[in-house]
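Source file: coords_37.cif. Holds: mmCIF, C-alpha atoms.
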```
data_my_file
loop_
_atom_site.label_atom_id
_atom_site.label_comp_id
_atom_site.auth_asym_id
_atom_site.auth_seq_id
_atom_site.Cartn_x
_atom_site.Cartn_y
_atom_site.Cartn_z
CA MET P 1 -78.76 -32.18 0.53
CA PRO P 2 -77.44 -34.36 -2.31
CA GLU P 3 -73.68 -34.68 -2.72
CA ILE P 4 -73.98 -34.20 -6.51
CA GLN P 5 -76.29 -31.44 -7.71
CA ALA P 6 -77.29 -30.02 -11.09
CA LEU P 7 -76.91 -26.27 -11.60
CA ARG P 8 -78.22 -23.53 -13.83
CA GLY P 9 -74.80 -22.85 -15.27
CA ILE P 10 -73.87 -19.52 -16.80
CA ARG P 11 -72.39 -19.90 -20.28
CA TYR P 12 -71.23 -17.85 -23.24
CA ASN P 13 -73.91 -16.77 -25.69
CA LEU P 14 -72.40 -17.91 -28.98
CA ALA P 15 -74.70 -15.56 -30.90
CA ARG P 16 -72.75 -12.73 -29.25
CA VAL P 17 -69.19 -14.06 -29.10
CA GLY P 18 -69.02 -16.29 -32.19
CA SER P 19 -66.60 -19.19 -31.76
CA LEU P 20 -66.31 -20.77 -28.32
CA SER P 21 -62.65 -21.45 -29.12
CA ASP P 22 -61.97 -17.70 -29.00
CA VAL P 23 -63.24 -17.18 -25.45
CA ILE P 24 -61.92 -20.21 -23.53
CA ALA P 25 -58.60 -20.37 -21.66
CA PRO P 26 -56.60 -22.82 -19.56
CA PRO P 27 -56.68 -22.44 -15.76
CA TYR P 28 -55.15 -19.25 -14.36
CA ASP P 29 -52.14 -21.03 -12.82
CA VAL P 30 -50.74 -22.26 -16.15
CA ILE P 31 -51.19 -18.99 -18.08
CA ALA P 32 -47.78 -17.41 -18.67
CA PRO P 33 -47.60 -13.68 -19.49
CA GLU P 34 -47.16 -14.38 -23.20
CA LEU P 35 -50.28 -16.56 -23.30
CA GLN P 36 -52.21 -14.00 -21.24
CA ASP P 37 -51.40 -11.36 -23.86
CA ALA P 38 -52.40 -13.70 -26.68
CA LEU P 39 -55.74 -14.47 -24.99
CA TYR P 40 -56.41 -10.78 -24.45
CA ARG P 41 -55.87 -10.19 -28.17
CA ARG P 42 -57.92 -13.20 -29.27
CA HIS P 43 -61.32 -11.84 -28.17
CA PRO P 44 -62.59 -8.92 -26.07
CA ASN P 45 -64.73 -11.38 -24.07
CA ASN P 46 -62.07 -14.03 -23.47
CA VAL P 47 -62.42 -15.56 -20.01
CA VAL P 48 -58.83 -14.60 -19.17
CA ARG P 49 -60.21 -11.15 -18.27
CA LEU P 50 -62.10 -12.87 -15.46
CA ILE P 51 -59.76 -15.59 -14.21
CA LEU P 52 -56.46 -13.71 -14.66
CA ASN P 53 -57.07 -10.03 -15.24
CA ARG P 54 -53.95 -8.00 -15.91
CA ILE P 55 -52.24 -6.01 -13.18
CA GLU P 56 -52.24 -2.39 -14.34
CA THR P 57 -50.13 0.61 -13.37
CA GLY P 58 -51.93 2.59 -10.71
CA ASP P 59 -53.91 -0.32 -9.28
CA ASP P 60 -55.14 0.32 -5.75
CA GLU P 61 -57.64 -1.08 -3.25
CA THR P 62 -60.67 0.03 -5.25
CA ASN P 63 -59.41 -0.30 -8.81
CA ASN P 64 -57.51 -3.53 -9.43
CA ARG P 65 -57.54 -6.84 -11.29
CA TYR P 66 -60.40 -8.14 -9.11
CA SER P 67 -62.63 -5.09 -9.47
CA ARG P 68 -62.06 -5.15 -13.23
CA ALA P 69 -62.96 -8.86 -13.36
CA LYS P 70 -66.17 -8.07 -11.48
CA ARG P 71 -67.04 -5.24 -13.90
CA PHE P 72 -66.44 -7.48 -16.91
CA TYR P 73 -68.48 -10.31 -15.41
CA ARG P 74 -71.42 -8.10 -14.46
CA SER P 75 -71.42 -6.19 -17.74
CA TRP P 76 -71.22 -9.40 -19.80
CA LEU P 77 -74.22 -10.74 -17.90
CA ALA P 78 -76.14 -7.48 -18.40
CA GLU P 79 -75.30 -7.36 -22.12
CA GLY P 80 -76.17 -11.02 -22.78
CA VAL P 81 -72.60 -12.08 -23.52
CA LEU P 82 -73.05 -14.53 -20.66
CA VAL P 83 -76.46 -16.09 -20.02
CA PRO P 84 -77.80 -18.50 -17.38
CA ASP P 85 -79.22 -21.77 -18.64
CA ALA P 86 -82.97 -22.08 -18.46
CA ASP P 87 -82.91 -25.39 -16.58
CA PRO P 88 -80.59 -27.06 -14.06
CA ALA P 89 -78.12 -29.33 -15.79
CA VAL P 90 -75.18 -31.61 -15.37
CA TYR P 91 -72.60 -30.95 -18.11
CA VAL P 92 -70.91 -33.88 -19.81
CA TYR P 93 -67.41 -32.67 -20.66
CA GLN P 94 -65.09 -34.55 -22.98
CA GLN P 95 -61.53 -33.79 -24.06
CA GLU P 96 -59.76 -35.32 -27.05
CA PHE P 97 -56.01 -34.86 -27.18
CA GLU P 98 -52.67 -36.28 -28.25
CA VAL P 99 -49.66 -37.30 -26.15
CA GLU P 100 -46.46 -38.56 -27.77
CA GLY P 101 -48.28 -39.31 -31.03
CA ARG P 102 -51.21 -41.20 -29.48
CA ARG P 103 -54.81 -39.95 -29.32
CA TYR P 104 -56.83 -40.11 -26.10
CA VAL P 105 -60.38 -39.22 -25.06
CA ARG P 106 -61.25 -38.34 -21.45
CA THR P 107 -64.89 -38.02 -20.43
CA GLY P 108 -66.57 -36.86 -17.23
CA PHE P 109 -69.25 -34.50 -16.04
CA MET P 110 -69.41 -31.10 -14.38
CA SER P 111 -71.79 -30.52 -11.50
CA ARG P 112 -71.98 -28.95 -8.10
CA VAL P 113 -70.33 -31.16 -5.46
CA LYS P 114 -71.10 -30.66 -1.77
CA LEU P 115 -68.19 -29.20 0.18
CA SER P 116 -66.65 -30.94 3.17
CA HIS P 117 -63.50 -30.20 5.12
CA PHE P 118 -60.69 -32.62 4.39
CA GLY P 119 -60.85 -35.50 6.84
CA GLU P 120 -64.52 -34.87 7.60
CA GLY P 121 -66.24 -35.98 4.41
CA HIS P 122 -65.73 -37.86 1.18
CA VAL P 123 -63.39 -35.42 -0.62
CA PHE P 124 -59.65 -36.08 -0.34
CA PRO P 125 -56.70 -33.85 -1.35
CA HIS P 126 -53.35 -35.15 -2.53
CA GLU P 127 -51.18 -32.01 -2.82
CA GLU P 128 -50.14 -29.20 -0.51
CA THR P 129 -51.51 -25.70 -1.12
CA LEU P 130 -50.06 -22.19 -0.73
CA ARG P 131 -51.71 -19.26 0.99
CA GLY P 132 -51.00 -16.77 -1.82
CA PRO P 133 -52.94 -18.53 -4.58
CA LYS P 134 -55.81 -19.22 -2.18
CA MET P 135 -56.10 -15.54 -1.27
CA ASP P 136 -56.04 -14.62 -4.96
CA GLN P 137 -58.87 -17.04 -5.73
CA LEU P 138 -60.83 -15.97 -2.65
CA MET P 139 -60.71 -12.33 -3.75
CA LEU P 140 -62.00 -13.27 -7.19
CA MET P 141 -64.74 -15.51 -5.82
CA THR P 142 -65.82 -12.89 -3.29
CA VAL P 143 -66.18 -10.02 -5.75
CA CYS P 144 -67.74 -12.05 -8.58
CA ARG P 145 -69.73 -14.49 -6.42
CA ALA P 146 -69.15 -17.36 -8.82
CA ASN P 147 -66.85 -20.31 -9.50
CA MET P 148 -64.99 -19.21 -12.64
CA SER P 149 -63.19 -22.55 -13.07
CA GLN P 150 -63.91 -26.09 -11.99
CA VAL P 151 -62.07 -28.39 -9.59
CA PHE P 152 -60.94 -31.69 -11.12
CA GLY P 153 -62.09 -34.71 -9.09
CA LEU P 154 -61.65 -38.47 -9.50
CA TYR P 155 -64.02 -41.13 -8.23
CA PRO P 156 -63.94 -44.95 -8.38
CA ASP P 157 -66.18 -46.68 -10.91
CA PRO P 158 -64.57 -50.06 -11.71
CA ASP P 159 -67.67 -51.35 -13.49
CA GLY P 160 -67.99 -48.32 -15.79
CA ARG P 161 -71.57 -47.64 -14.73
CA SER P 162 -71.22 -43.87 -14.86
CA GLN P 163 -69.75 -43.96 -18.36
CA LYS P 164 -72.79 -45.90 -19.55
CA ILE P 165 -75.03 -43.17 -18.13
CA LEU P 166 -72.98 -40.44 -19.85
CA ASP P 167 -72.94 -42.34 -23.15
CA ALA P 168 -76.71 -42.81 -23.05
CA ALA P 169 -77.27 -39.14 -22.17
CA THR P 170 -75.18 -37.87 -25.11
CA ALA P 171 -76.03 -40.47 -27.77
CA GLY P 172 -77.10 -38.81 -31.00
CA ARG P 173 -76.64 -35.29 -29.63
CA THR P 174 -74.31 -32.70 -31.14
CA PRO P 175 -71.97 -31.16 -28.57
CA LEU P 176 -70.68 -27.65 -28.24
CA GLU P 177 -67.06 -27.80 -29.34
CA ALA P 178 -63.95 -25.69 -28.87
CA VAL P 179 -60.25 -26.13 -29.66
CA ASP P 180 -57.61 -24.57 -27.42
CA HIS P 181 -54.07 -23.30 -28.06
CA LEU P 182 -52.65 -26.83 -27.58
CA ASN P 183 -55.10 -28.31 -30.13
CA VAL P 184 -57.04 -30.08 -27.39
CA VAL P 185 -60.68 -30.53 -28.46
CA HIS P 186 -63.23 -29.72 -25.74
CA ARG P 187 -66.83 -30.96 -26.08
CA LEU P 188 -69.79 -30.11 -23.86
CA TRP P 189 -73.30 -31.55 -23.60
CA PRO P 190 -75.76 -30.03 -21.07
CA ILE P 191 -77.90 -32.81 -19.59
CA THR P 192 -81.21 -31.62 -18.15
CA ASP P 193 -82.96 -34.99 -17.96
CA ALA P 194 -83.79 -35.28 -14.25
CA GLU P 195 -83.66 -39.08 -14.36
CA ARG P 196 -80.11 -39.10 -15.76
CA VAL P 197 -78.99 -36.52 -13.22
CA ALA P 198 -80.52 -38.57 -10.40
CA GLN P 199 -78.74 -41.70 -11.65
CA LEU P 200 -75.37 -39.92 -11.60
CA SER P 201 -76.05 -38.44 -8.19
CA GLU P 202 -77.02 -41.82 -6.78
CA LEU P 203 -73.99 -43.54 -8.30
CA VAL P 204 -71.23 -40.97 -7.73
CA GLY P 205 -72.54 -39.07 -4.72
CA PRO P 206 -71.63 -41.69 -2.09
CA GLN P 207 -68.19 -42.37 -3.60
CA PRO P 208 -64.94 -40.85 -2.33
CA ILE P 209 -63.65 -38.06 -4.59
CA PHE P 210 -59.92 -37.47 -4.90
CA ILE P 211 -58.86 -34.02 -6.08
CA ALA P 212 -56.65 -34.37 -9.14
CA ASP P 213 -56.25 -30.64 -9.79
CA GLY P 214 -57.68 -27.46 -8.31
CA HIS P 215 -56.76 -27.87 -4.62
CA HIS P 216 -56.54 -24.09 -4.22
CA ARG P 217 -59.98 -23.62 -5.76
CA TYR P 218 -61.50 -26.24 -3.48
CA GLU P 219 -59.99 -24.79 -0.31
CA THR P 220 -61.02 -21.31 -1.44
CA ALA P 221 -64.61 -22.52 -1.78
CA LEU P 222 -64.45 -23.73 1.82
CA GLU P 223 -63.24 -20.32 2.98
CA TYR P 224 -65.93 -18.57 0.94
CA ARG P 225 -68.60 -20.72 2.58
CA GLU P 226 -67.28 -19.68 5.99
CA GLN P 227 -67.47 -16.02 4.96
CA ILE P 228 -71.12 -16.46 4.03
CA ARG P 229 -71.73 -18.25 7.34
CA ASP P 230 -70.06 -15.43 9.29
CA MET P 231 -72.34 -12.94 7.55
CA GLY P 232 -75.38 -14.91 8.70
CA LEU P 233 -76.43 -15.66 5.12
CA LEU P 234 -75.68 -19.39 4.85
CA ARG P 235 -79.18 -20.76 4.54
CA PRO P 236 -79.49 -24.54 3.97
CA ASP P 237 -80.02 -24.16 0.21
CA HIS P 238 -77.27 -21.60 -0.37
CA PRO P 239 -75.07 -22.49 -3.38
CA ALA P 240 -71.94 -21.79 -1.27
CA HIS P 241 -72.42 -25.27 0.19
CA TYR P 242 -71.18 -26.57 -3.18
CA VAL P 243 -68.28 -26.12 -5.58
CA LEU P 244 -68.16 -26.59 -9.35
CA MET P 245 -66.30 -29.84 -10.04
CA HIS P 246 -65.49 -31.92 -13.10
CA CYS P 247 -65.77 -35.57 -12.07
CA VAL P 248 -63.94 -38.33 -13.97
CA ALA P 249 -63.87 -42.04 -13.20
CA MET P 250 -60.47 -43.23 -12.00
CA GLU P 251 -60.65 -46.01 -14.56
CA ASP P 252 -61.24 -43.72 -17.56
CA PRO P 253 -58.82 -44.80 -20.33
CA GLY P 254 -58.10 -41.15 -21.15
CA LEU P 255 -56.90 -40.33 -17.65
CA ILE P 256 -53.27 -39.49 -18.38
CA VAL P 257 -50.79 -38.58 -15.64
CA LEU P 258 -47.60 -37.10 -17.09
CA PRO P 259 -44.30 -37.25 -15.21
CA THR P 260 -42.75 -34.11 -13.78
CA HIS P 261 -39.02 -34.37 -14.39
CA ARG P 262 -36.56 -32.15 -12.55
CA LEU P 263 -33.75 -30.05 -13.99
CA LEU P 264 -31.87 -29.40 -10.77
CA ARG P 265 -29.95 -26.31 -9.74
CA GLY P 266 -27.75 -25.73 -6.70
CA LEU P 267 -25.99 -29.12 -6.68
CA PRO P 268 -22.26 -29.82 -7.17
CA ASP P 269 -21.13 -30.68 -10.67
CA TYR P 270 -20.91 -34.42 -10.06
CA SER P 271 -19.63 -36.93 -12.56
CA ALA P 272 -21.57 -40.15 -12.96
CA GLU P 273 -18.93 -41.90 -10.81
CA ASP P 274 -19.23 -39.23 -8.10
CA LEU P 275 -23.01 -39.52 -8.05
CA ALA P 276 -22.94 -43.33 -7.94
CA GLY P 277 -20.60 -43.15 -4.96
CA LYS P 278 -23.05 -40.90 -3.15
CA LEU P 279 -26.06 -43.12 -3.91
CA GLN P 280 -24.56 -46.47 -2.94
CA PRO P 281 -25.45 -48.65 -1.05
CA ALA P 282 -29.04 -47.31 -1.08
CA PHE P 283 -29.22 -47.78 -4.86
CA ALA P 284 -27.83 -50.04 -7.52
CA VAL P 285 -26.48 -47.57 -10.08
CA GLU P 286 -25.76 -48.36 -13.71
CA LYS P 287 -24.42 -46.13 -16.50
CA VAL P 288 -26.76 -46.62 -19.44
CA ALA P 289 -26.27 -43.89 -22.05
CA GLU P 290 -24.43 -40.73 -23.03
CA GLY P 291 -25.60 -37.30 -24.19
CA PRO P 292 -28.83 -35.35 -23.58
CA GLN P 293 -30.57 -36.96 -26.58
CA ALA P 294 -30.46 -40.34 -24.85
CA ALA P 295 -33.10 -39.15 -22.38
CA SER P 296 -35.80 -41.02 -24.32
CA ASP P 297 -33.90 -44.32 -23.94
CA VAL P 298 -33.55 -43.78 -20.21
CA TRP P 299 -37.20 -42.89 -19.90
CA ARG P 300 -38.20 -46.17 -21.54
CA ILE P 301 -36.24 -48.01 -18.85
CA LEU P 302 -38.16 -46.15 -16.14
CA GLU P 303 -41.49 -46.77 -17.87
CA ASN P 304 -40.80 -50.50 -17.86
CA ALA P 305 -39.81 -50.58 -14.18
CA ALA P 306 -42.17 -52.73 -12.15
CA ASP P 307 -42.53 -50.33 -9.25
CA GLN P 308 -41.61 -46.91 -7.92
CA GLY P 309 -37.99 -46.54 -6.85
CA THR P 310 -36.16 -46.36 -10.20
CA LEU P 311 -34.71 -42.95 -11.08
CA GLY P 312 -32.75 -41.63 -14.06
CA PHE P 313 -29.92 -39.10 -13.61
CA PHE P 314 -27.93 -37.03 -16.08
CA THR P 315 -24.64 -35.54 -14.93
CA ARG P 316 -23.54 -32.47 -16.85
CA ARG P 317 -19.85 -32.88 -16.01
CA ASP P 318 -19.43 -35.99 -18.17
CA GLY P 319 -22.73 -36.12 -20.07
CA ILE P 320 -23.63 -39.57 -18.74
CA TRP P 321 -27.07 -40.98 -18.02
CA SER P 322 -27.32 -43.35 -15.07
CA VAL P 323 -30.23 -45.41 -13.77
CA ALA P 324 -30.51 -45.85 -9.99
CA ARG P 325 -32.66 -48.69 -8.64
CA ILE P 326 -33.43 -48.60 -4.94
CA ARG P 327 -32.14 -51.56 -2.90
CA ALA P 328 -33.64 -53.10 0.22
CA GLU P 329 -31.10 -51.05 2.17
CA GLY P 330 -32.45 -47.92 0.49
CA ARG P 331 -36.01 -48.83 1.46
CA GLU P 332 -34.89 -49.23 5.06
CA MET P 333 -33.09 -45.89 4.93
CA MET P 334 -36.19 -44.25 3.44
CA ASP P 335 -38.27 -45.69 6.30
CA GLN P 336 -35.91 -43.97 8.72
CA VAL P 337 -35.59 -40.57 7.06
CA ALA P 338 -39.32 -40.35 6.31
CA ALA P 339 -40.68 -42.06 9.42
CA ASP P 340 -43.15 -39.19 9.76
CA HIS P 341 -44.94 -40.42 6.64
CA SER P 342 -46.91 -43.52 5.69
CA PRO P 343 -45.44 -46.46 3.74
CA GLU P 344 -47.58 -45.35 0.78
CA TRP P 345 -45.90 -41.92 0.80
CA ARG P 346 -42.41 -43.34 1.28
CA ARG P 347 -42.63 -45.48 -1.87
CA LEU P 348 -43.22 -42.53 -4.23
CA ASP P 349 -40.41 -41.70 -6.66
CA VAL P 350 -40.69 -37.99 -5.93
CA ALA P 351 -40.46 -38.62 -2.18
CA ILE P 352 -37.46 -40.91 -2.68
CA LEU P 353 -35.74 -38.34 -4.88
CA HIS P 354 -36.10 -35.40 -2.51
CA ARG P 355 -36.10 -36.99 0.94
CA LEU P 356 -33.59 -39.80 0.40
CA VAL P 357 -31.38 -38.73 -2.52
CA VAL P 358 -31.18 -34.94 -2.20
CA HIS P 359 -31.61 -34.47 1.56
CA ARG P 360 -29.95 -37.56 2.99
CA LEU P 361 -27.43 -38.89 0.49
CA LEU P 362 -26.38 -35.61 -1.15
CA GLY P 363 -26.75 -33.67 2.10
CA VAL P 364 -28.66 -30.72 0.64
CA GLU P 365 -31.56 -29.49 2.80
CA GLU P 366 -32.81 -26.67 0.59
CA LEU P 367 -32.49 -26.61 -3.19
CA PRO P 368 -33.31 -23.69 -5.47
CA GLU P 369 -36.58 -24.42 -7.21
CA PRO P 370 -35.93 -26.89 -10.04
CA LYS P 371 -37.16 -26.36 -13.55
CA TYR P 372 -40.11 -28.72 -13.89
CA VAL P 373 -40.81 -30.29 -17.29
CA HIS P 374 -43.13 -33.05 -18.44
CA LEU P 375 -41.92 -34.27 -21.82
CA VAL P 376 -38.63 -35.97 -22.64
CA SER P 377 -38.10 -33.42 -25.42
CA GLU P 378 -38.27 -30.66 -22.78
CA VAL P 379 -35.61 -32.48 -20.74
CA VAL P 380 -33.33 -32.63 -23.77
CA GLU P 381 -33.89 -28.94 -24.52
CA GLY P 382 -33.11 -27.99 -20.93
CA LEU P 383 -29.92 -30.03 -20.83
CA GLN P 384 -28.66 -28.59 -24.10
CA SER P 385 -28.63 -25.18 -22.41
CA GLY P 386 -25.85 -26.38 -20.12
CA GLU P 387 -27.51 -24.63 -17.17
CA PHE P 388 -28.29 -27.62 -14.96
CA PRO P 389 -25.65 -29.81 -13.25
CA ILE P 390 -28.08 -32.70 -12.78
CA ALA P 391 -31.35 -33.80 -14.33
CA ALA P 392 -33.64 -36.34 -12.70
CA LEU P 393 -36.19 -38.39 -14.61
CA VAL P 394 -39.02 -39.38 -12.27
CA ALA P 395 -42.00 -41.64 -12.94
CA PRO P 396 -45.36 -40.03 -12.11
CA ALA P 397 -47.49 -41.07 -9.19
CA SER P 398 -50.36 -43.22 -10.43
CA VAL P 399 -54.05 -42.78 -9.76
CA ARG P 400 -53.73 -45.70 -7.36
CA ASP P 401 -50.91 -43.87 -5.55
CA ILE P 402 -53.12 -40.78 -5.22
CA ARG P 403 -55.88 -42.88 -3.70
CA ASP P 404 -53.57 -44.75 -1.34
CA VAL P 405 -51.75 -41.65 -0.04
CA SER P 406 -54.91 -39.54 0.20
CA THR P 407 -56.84 -42.12 2.20
CA GLN P 408 -53.97 -42.11 4.71
CA GLY P 409 -54.75 -38.45 5.34
CA GLU P 410 -51.48 -37.35 3.71
CA ARG P 411 -50.51 -35.14 0.80
CA MET P 412 -47.89 -35.90 -1.79
CA PRO P 413 -44.70 -33.90 -2.29
CA ALA P 414 -45.00 -30.95 -4.65
CA LYS P 415 -45.18 -31.71 -8.37
CA SER P 416 -45.95 -35.40 -7.92
CA THR P 417 -48.67 -35.43 -10.58
CA TYR P 418 -49.53 -33.57 -13.76
CA PHE P 419 -52.88 -34.50 -15.24
CA TYR P 420 -52.92 -33.67 -18.94
CA PRO P 421 -54.64 -31.86 -20.43
CA LYS P 422 -55.76 -29.14 -18.06
CA LEU P 423 -59.45 -28.44 -17.82
CA CYS P 424 -60.73 -25.52 -19.85
CA SER P 425 -62.07 -22.36 -18.19
CA GLY P 426 -65.00 -20.60 -19.85
CA LEU P 427 -67.30 -23.52 -20.55
CA VAL P 428 -69.52 -23.19 -17.48
CA PHE P 429 -69.63 -20.70 -14.60
CA ASN P 430 -71.24 -21.66 -11.29
CA PRO P 431 -73.18 -18.77 -9.69
CA LEU P 432 -72.82 -18.52 -5.90
CA GLU P 433 -75.74 -16.17 -5.22
#
```

Can I see the file as structure tokens?
Amino acid sequence: MPEIQALRGIRYNLARVGSLSDVIAPPYDVIAPELQDALYRRHPNNVVRLILNRIETGDDETNNRYSRAKRFYRSWLAEGVLVPDADPAVYVYQQEFEVEGRRYVRTGFMSRVKLSHFGEGHVFPHEETLRGPKMDQLMLMTVCRANMSQVFGLYPDPDGRSQKILDAATAGRTPLEAVDHLNVVHRLWPITDAERVAQLSELVGPQPIFIADGHHRYETALEYREQIRDMGLLRPDHPAHYVLMHCVAMEDPGLIVLPTHRLLRGLPDYSAEDLAGKLQPAFAVEKVAEGPQAASDVWRILENAADQGTLGFFTRRDGIWSVARIRAEGREMMDQVAADHSPEWRRLDVAILHRLVVHRLLGVEELPEPKYVHLVSEVVEGLQSGEFPIAALVAPASVRDIRDVSTQGERMPAKSTYFYPKLCSGLVFNPLE
């Protein structure tokens, strides 16, 4: 079986729903209750009713968010709200968006990708997963028998060969277009040309694929395949051998990884002097600015750092920003306290922050969950609340870091990466029956 396979995707019938913008949604795991309510109000056929159906009073084993999602999905298919494409296709998917005043375009393609257990094939994870979200996704997949959202995968293409194929396949064609609640523009081109599909399959299929986002969805697909196998229904051509994945070249200029800064709770109210005393001699610590608003200046210092190992800290007690640069002694200490991990893992800023700074130097084994934010403006807003004794600015892991850690068979610490923007749900559904 090919590693990359076209599919007869199921898509919204725009003659029935009107604007595609009204029925799309971000992935389930970033939909807060307020956004869920807004999506429910936006359109009666919004995909949120499938990927994150509301919990209702009186829910039980037979009537619950999953059974309602199944009823919506089946009724929308029966009524022609959702329709299967006539021919197998690969779907070129492009996002245009803005970050800190700069416009980006990220382009890839959606297809079925053959499943393999981690360590046994060409698909590599980079983050840990939790049982709860996997069970939630497995319930939804089992009752609806479809991938409602795509996994986000990265593959190497240093010569840009795949982009040339995608450009040629979409040249002169008008895409389907939708705009989400963050003003991200989503464009979709179904590609049914068998020659183009074969070219992509030949080029990308043998390459390693690194999961950027959607680890829970990928592992759920593996569990679903095992369910089908246990039922004796897993014939060689069964679609459960595959998962819907959006594939983007690691070299794509629109591949943006945002940092995940930490607003920390549960630590003593250190002054900058106190904190510097704790961090030395593992770090060279320098006071650089004062006041929450100076976060942008500190972030520029981190952005210009040559390598991982430079952290920014704000101490609420005196309102001082400090920059801590790891010394050779700190690298040696990190090798000791994280000897159970590879050198690639030990060099990550997030690993250094939690394993060396928090656990070893500050002596705190378990912290309350931090508030995670991605933009400097969100750091400033959080600090102005006065709630957090310490803030930590942390550079994101790069795509190269993801590759290097993943190929060692390891997974990064939680919240090491945040690929922006999130992929849109509601563009293509992958039937699993």

Hey, which bits of range 306-369 of chain P sit within 9 Å of range 393-416 of chain P, and for each residue what's the closest pair of atoms and how far apart in Å (one decimal), counting only C-alpha atoms, rows by chain and increasing number, as a Markdown table?
```
| residue | atom | partner | partner_atom | distance |
| --- | --- | --- | --- | --- |
| P:Gln308 | CA | P:Ala395 | CA | 7.3 |
| P:Gly309 | CA | P:Ala395 | CA | 8.8 |
| P:Thr310 | CA | P:Val394 | CA | 7.8 |
| P:Leu311 | CA | P:Val394 | CA | 5.7 |
| P:Gly312 | CA | P:Leu393 | CA | 4.8 |
| P:Phe313 | CA | P:Leu393 | CA | 6.4 |
| P:Phe314 | CA | P:Leu393 | CA | 8.5 |
| P:His341 | CA | P:Glu410 | CA | 7.8 |
| P:Ser342 | CA | P:Gln408 | CA | 7.3 |
| P:Pro343 | CA | P:Val405 | CA | 8.8 |
| P:Glu344 | CA | P:Val405 | CA | 5.6 |
| P:Trp345 | CA | P:Val405 | CA | 5.9 |
| P:Leu348 | CA | P:Ala397 | CA | 6.7 |
| P:Asp349 | CA | P:Val394 | CA | 6.2 |
| P:Val350 | CA | P:Ser416 | CA | 6.2 |
| P:Ala351 | CA | P:Pro413 | CA | 6.3 |
| P:Leu353 | CA | P:Val394 | CA | 8.2 |
| P:His354 | CA | P:Pro413 | CA | 8.7 |
```

*In file coordinates, which residues lie within 9 Å of (-33.9, -40.5, -18.8) using only C-alpha atoms, given as a VMD selection string?*
chain P and resid 289 292 294 to 302 311 to 314 321 to 323 376 379 391 to 394

*What is the CA of Pro389 in chain P to CA of Leu263 in chain P distance in Å?*
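Calculated distance between CA of Pro389 in chain P and CA of Leu263 in chain P is 8.1 Å.
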
*Between P:Arg41, P:Arg103, P:Arg112, P:His122, which is the closest to Val197 in chain P once you count only C-alpha atoms?*
P:Arg112

*Write out as a ChimeraX atom specification which residues come within 10 Å of range 265-282 of chain P when counting all atoms listed in the file, dropping same-chain ones fewer than 3 positions away.*
/P:262,285-287,313-334,356-358,360-364,366-371,387-391

Next, the residues of the selection above should be written as a short mmCIF file (atom, residue, chain, number, x, y, z; two decimals), keeping the file's coordinate frame with C-alpha atoms.
```
data_model
loop_
_atom_site.label_atom_id
_atom_site.label_comp_id
_atom_site.auth_asym_id
_atom_site.auth_seq_id
_atom_site.Cartn_x
_atom_site.Cartn_y
_atom_site.Cartn_z
CA ARG P 262 -36.56 -32.15 -12.55
CA VAL P 285 -26.48 -47.57 -10.08
CA GLU P 286 -25.76 -48.36 -13.71
CA LYS P 287 -24.42 -46.13 -16.50
CA PHE P 313 -29.92 -39.10 -13.61
CA PHE P 314 -27.93 -37.03 -16.08
CA THR P 315 -24.64 -35.54 -14.93
CA ARG P 316 -23.54 -32.47 -16.85
CA ARG P 317 -19.85 -32.88 -16.01
CA ASP P 318 -19.43 -35.99 -18.17
CA GLY P 319 -22.73 -36.12 -20.07
CA ILE P 320 -23.63 -39.57 -18.74
CA TRP P 321 -27.07 -40.98 -18.02
CA SER P 322 -27.32 -43.35 -15.07
CA VAL P 323 -30.23 -45.41 -13.77
CA ALA P 324 -30.51 -45.85 -9.99
CA ARG P 325 -32.66 -48.69 -8.64
CA ILE P 326 -33.43 -48.60 -4.94
CA ARG P 327 -32.14 -51.56 -2.90
CA ALA P 328 -33.64 -53.10 0.22
CA GLU P 329 -31.10 -51.05 2.17
CA GLY P 330 -32.45 -47.92 0.49
CA ARG P 331 -36.01 -48.83 1.46
CA GLU P 332 -34.89 -49.23 5.06
CA MET P 333 -33.09 -45.89 4.93
CA MET P 334 -36.19 -44.25 3.44
CA LEU P 356 -33.59 -39.80 0.40
CA VAL P 357 -31.38 -38.73 -2.52
CA VAL P 358 -31.18 -34.94 -2.20
CA ARG P 360 -29.95 -37.56 2.99
CA LEU P 361 -27.43 -38.89 0.49
CA LEU P 362 -26.38 -35.61 -1.15
CA GLY P 363 -26.75 -33.67 2.10
CA VAL P 364 -28.66 -30.72 0.64
CA GLU P 366 -32.81 -26.67 0.59
CA LEU P 367 -32.49 -26.61 -3.19
CA PRO P 368 -33.31 -23.69 -5.47
CA GLU P 369 -36.58 -24.42 -7.21
CA PRO P 370 -35.93 -26.89 -10.04
CA LYS P 371 -37.16 -26.36 -13.55
CA GLU P 387 -27.51 -24.63 -17.17
CA PHE P 388 -28.29 -27.62 -14.96
CA PRO P 389 -25.65 -29.81 -13.25
CA ILE P 390 -28.08 -32.70 -12.78
CA ALA P 391 -31.35 -33.80 -14.33
#
```

*Once the PyMOL selection byres ((chain P and resi 208) around 10) has been applied to the shown file, what residues remain in the selection, as a PyMOL selection string?*
chain P and resi 121-124+153-156+204-207+209-211+403+407

*Using all atoms listed in the file, which residues sit within 8 Å of Lys70 in chain P once same-chain residues fewer than 5 positions away are excluded, as a ChimeraX atom specification?*
/P:50,140,143-144

Written selection (C-alpha atoms) as a compact mmCIF listing (two decimals), keeping the file's coordinate frame:
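Written out: part_12.txt:
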```txt
# COMPACT_ATOMS: atom_id res chain seq x y z
CA LEU P 50 -62.10 -12.87 -15.46
CA LEU P 140 -62.00 -13.27 -7.19
CA VAL P 143 -66.18 -10.02 -5.75
CA CYS P 144 -67.74 -12.05 -8.58
```
